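Heads up, start-v2.cif below (mmCIF, C-alpha atoms):
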data_start
#
loop_
_atom_site.label_atom_id
_atom_site.label_comp_id
_atom_site.auth_asym_id
_atom_site.auth_seq_id
_atom_site.Cartn_x
_atom_site.Cartn_y
_atom_site.Cartn_z
CA MET M 1 -33.01 14.71 43.92
CA LYS M 2 -29.64 12.99 43.33
CA THR M 3 -31.32 10.47 41.04
CA LEU M 4 -32.87 13.27 39.00
CA VAL M 5 -29.48 15.01 38.59
CA LYS M 6 -27.84 11.74 37.53
CA THR M 7 -30.60 11.10 35.00
CA PHE M 8 -30.20 14.57 33.47
CA ALA M 9 -26.42 14.19 33.42
CA ALA M 10 -26.70 10.83 31.65
CA ALA M 11 -29.19 12.26 29.13
CA ALA M 12 -26.90 15.22 28.48
CA LEU M 13 -23.92 12.90 27.87
CA ILE M 14 -25.94 10.76 25.48
CA ALA M 15 -27.12 13.86 23.59
CA VAL M 16 -23.60 15.30 23.33
CA SER M 17 -22.23 11.95 22.14
CA THR M 18 -24.95 11.62 19.54
CA PHE M 19 -24.37 15.15 18.22
CA ALA M 20 -20.61 14.59 18.09
CA MET M 21 -21.00 11.37 16.09
CA ALA M 22 -23.51 13.03 13.75
CA ALA M 23 -21.14 15.95 13.16
CA GLU M 24 -18.43 13.54 12.00
CA GLY M 25 -20.75 12.26 9.33
CA PRO M 26 -20.82 8.84 7.71
CA GLY M 27 -17.45 7.54 6.64
CA ALA M 28 -15.54 10.07 8.69
CA LYS M 29 -13.45 7.29 10.17
CA ALA M 30 -12.58 6.00 6.70
CA THR M 31 -10.02 8.74 6.12
CA LYS M 32 -6.91 7.77 4.18
CA THR M 33 -3.90 6.80 6.21
CA ASN M 34 -0.73 8.66 5.28
CA VAL M 35 2.35 6.48 5.10
CA ASN M 36 5.90 7.81 5.43
CA LEU M 37 7.37 7.62 1.92
CA SER M 38 10.07 10.23 2.52
CA THR M 39 12.90 7.89 1.47
CA ALA M 40 13.27 5.30 -1.27
CA ASP M 41 13.88 2.62 1.37
CA PHE M 42 10.61 3.45 3.16
CA ALA M 43 8.72 3.33 -0.14
CA LEU M 44 10.32 0.01 -1.11
CA ASP M 45 9.54 -1.49 2.32
CA HIS M 46 5.93 -0.32 2.02
CA TYR M 47 5.69 -1.77 -1.50
CA VAL M 48 6.85 -5.16 -0.17
CA ALA M 49 4.34 -4.94 2.70
CA VAL M 50 1.52 -4.07 0.31
CA THR M 51 2.33 -6.80 -2.24
CA THR M 52 3.23 -9.67 0.11
CA GLU M 53 1.81 -8.96 3.57
CA GLY M 54 -1.68 -7.68 2.74
CA GLU M 55 -1.03 -4.14 3.97
CA SER M 56 -3.60 -1.75 2.52
CA ALA M 57 -2.94 1.52 4.34
CA GLY M 58 -1.56 4.18 2.04
CA VAL M 59 -1.75 2.03 -1.08
CA GLU M 60 -3.11 4.94 -3.16
CA GLN M 61 -0.19 7.20 -2.29
CA LEU M 62 2.42 4.52 -3.08
CA PHE M 63 2.07 4.61 -6.88
CA THR M 64 2.69 7.40 -9.41
CA GLU M 65 -0.25 8.55 -11.53
CA ASP M 66 1.27 6.87 -14.63
CA PHE M 67 2.23 3.63 -12.83
CA ASN M 68 2.33 0.53 -15.02
CA GLN M 69 2.80 -3.12 -14.14
CA LYS M 70 3.95 -5.70 -16.68
CA ILE M 71 3.78 -9.43 -16.06
CA GLN M 72 6.13 -11.53 -18.17
CA ALA M 73 4.53 -14.95 -18.56
CA THR M 74 3.19 -17.20 -21.30
CA ASN M 75 0.60 -14.53 -22.00
CA ALA M 76 2.19 -11.17 -21.16
CA GLN M 77 -0.09 -8.81 -19.26
CA SER M 78 -0.06 -5.12 -18.48
CA HIS M 79 -2.02 -3.35 -15.73
CA ASN M 80 -2.51 0.33 -14.96
CA ARG M 81 -2.47 2.03 -11.57
CA GLU M 82 -6.21 1.68 -10.87
CA ALA M 83 -6.29 -2.05 -11.66
CA VAL M 84 -3.29 -2.77 -9.43
CA ILE M 85 -4.66 -0.73 -6.51
CA LYS M 86 -8.03 -2.46 -6.80
CA SER M 87 -6.35 -5.87 -6.80
CA LEU M 88 -4.14 -5.02 -3.82
CA LYS M 89 -7.10 -3.75 -1.81
CA LYS M 90 -8.86 -7.08 -2.37
CA GLN M 91 -5.81 -8.81 -0.83
CA LYS M 92 -6.08 -6.75 2.36
CA GLY M 93 -4.86 -8.81 5.30
CA GLU M 94 -3.71 -11.77 3.18
CA LYS M 95 -0.08 -12.58 3.84
CA LEU M 96 1.61 -14.60 1.10
CA ASN M 97 3.44 -17.77 2.14
CA CYS M 98 6.85 -16.81 0.78
CA THR M 99 10.24 -15.48 1.76
CA VAL M 100 11.09 -12.07 0.37
CA SER M 101 14.47 -10.51 -0.35
CA THR M 102 15.25 -7.11 -1.82
CA ASP M 103 18.34 -5.94 -3.68
CA ILE M 104 19.04 -2.38 -4.79
CA ILE M 105 20.24 -2.51 -8.40
CA GLU M 106 20.69 1.21 -9.01
CA GLU M 107 20.15 4.28 -6.86
CA SER M 108 20.51 8.01 -7.35
CA ALA M 109 19.16 11.10 -5.61
CA ASP M 110 15.79 10.89 -7.39
CA TYR M 111 15.55 7.34 -8.76
CA MET M 112 15.92 3.74 -7.59
CA VAL M 113 15.67 0.35 -9.27
CA ALA M 114 15.20 -2.58 -6.90
CA LYS M 115 14.78 -6.31 -7.34
CA VAL M 116 12.20 -7.95 -5.07
CA THR M 117 12.40 -11.74 -5.05
CA SER M 118 9.54 -13.74 -3.53
CA LYS M 119 10.32 -17.44 -3.11
CA PHE M 120 7.28 -19.67 -2.85
CA GLU M 121 7.28 -23.44 -2.38
CA ASN M 122 7.05 -24.28 -6.11
CA PHE M 123 8.15 -21.10 -7.89
CA THR M 124 9.93 -17.77 -7.58
CA LYS M 125 8.53 -14.38 -8.51
CA THR M 126 11.02 -11.65 -9.45
CA ASP M 127 9.76 -8.08 -9.43
CA LEU M 128 11.88 -5.26 -10.84
CA VAL M 129 10.57 -2.10 -9.20
CA ASN M 130 11.28 1.46 -10.35
CA LEU M 131 10.88 4.15 -7.71
CA GLU M 132 11.17 7.87 -8.24
CA ARG M 133 11.01 10.99 -6.12
CA VAL M 134 7.75 12.88 -6.63
CA GLY M 135 7.85 16.09 -4.63
CA ASN M 136 8.83 15.13 -1.08
CA ASP M 137 7.77 11.48 -1.41
CA TRP M 138 9.04 8.41 -3.18
CA LYS M 139 6.60 6.45 -5.34
CA VAL M 140 6.62 3.29 -7.41
CA SER M 141 6.45 4.18 -11.11
CA LYS M 142 6.86 0.78 -12.75
CA SER M 143 6.89 -2.90 -11.89
CA ILE M 144 7.96 -5.81 -14.11
CA ASN M 145 7.17 -9.31 -12.83
CA SER M 146 8.56 -12.61 -14.02
CA TYR M 147 8.10 -16.14 -12.75
CA LYS M 148 10.39 -19.19 -12.64
#

Can you present the structure in this file as structure tokens?
Amino acid sequence: MKTLVKTFAAAALIAVSTFAMAAEGPGAKATKTNVNLSTADFALDHYVAVTTEGESAGVEQLFTEDFNQKIQATNAQSHNREAVIKSLKKQKGEKLNCTVSTDIIEESADYMVAKVTSKFENFTKTDLVNLERVGNDWKVSKSINSYK
């Protein structure tokens, strides 16, 4: 009798687990992670993590809808928000072999300009980053990259 009760209990647990997983639906665990962007410093730190440390959580919420990235090089390039997010998602988990420093150039209640310098073995990348307050969050609105 005890074996029969244990069998029914196990079957009931399996059924409940199966129904619970089915109720979540496919992709339910792929919900977007919200990142704390309540201050300009948090947003800047997250930008550095996304661009140099392969962080991908919250990358969509980091950029304004009209974000633009310009790359000053031999052949100047410009990228919109979607292209940058797609590129950053491909770099998920890839940490760049560089040392990073940040300097705040200008800051007000709703706007910040920061200089992010990434020193690699053979070159240096300088990224001027504009951040602005959008509602309760801070977001990156523009990025200008140059290389030396």

Between atom CA of Val59 of chain M and atom CA of Lys148 of chain M, what distance in Å does the model show, to one decimal? 27.0 Å

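Counting only C-alpha atoms and comparing M:Val140, M:Leu44, M:Val116, M:Val134, the residue that lies closest to Glu60 of chain M is M:Val140.
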
All residues 7 Å or closer to segment 55-57 of chain M, all atoms listed in the file, same chain fewer than 6 positions away omitted, as a CSV table (one decimal) with C-alpha atoms, in the frame of the given file:
chain,number,residue,atom,x,y,z
M,33,THR,CA,-3.9,6.8,6.2
M,49,ALA,CA,4.3,-4.9,2.7
M,89,LYS,CA,-7.1,-3.8,-1.8
M,92,LYS,CA,-6.1,-6.8,2.4
M,93,GLY,CA,-4.9,-8.8,5.3

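One finds atom CA of Gln77 of chain M at 25.0 Å from atom CA of Gly58 of chain M.
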
Care to translate the PyMOL selection byres ((chain M and resi 143) around 7) into actual residues of this file, as number ranges by chain? M: 68-70, 127-130, 142, 144-145
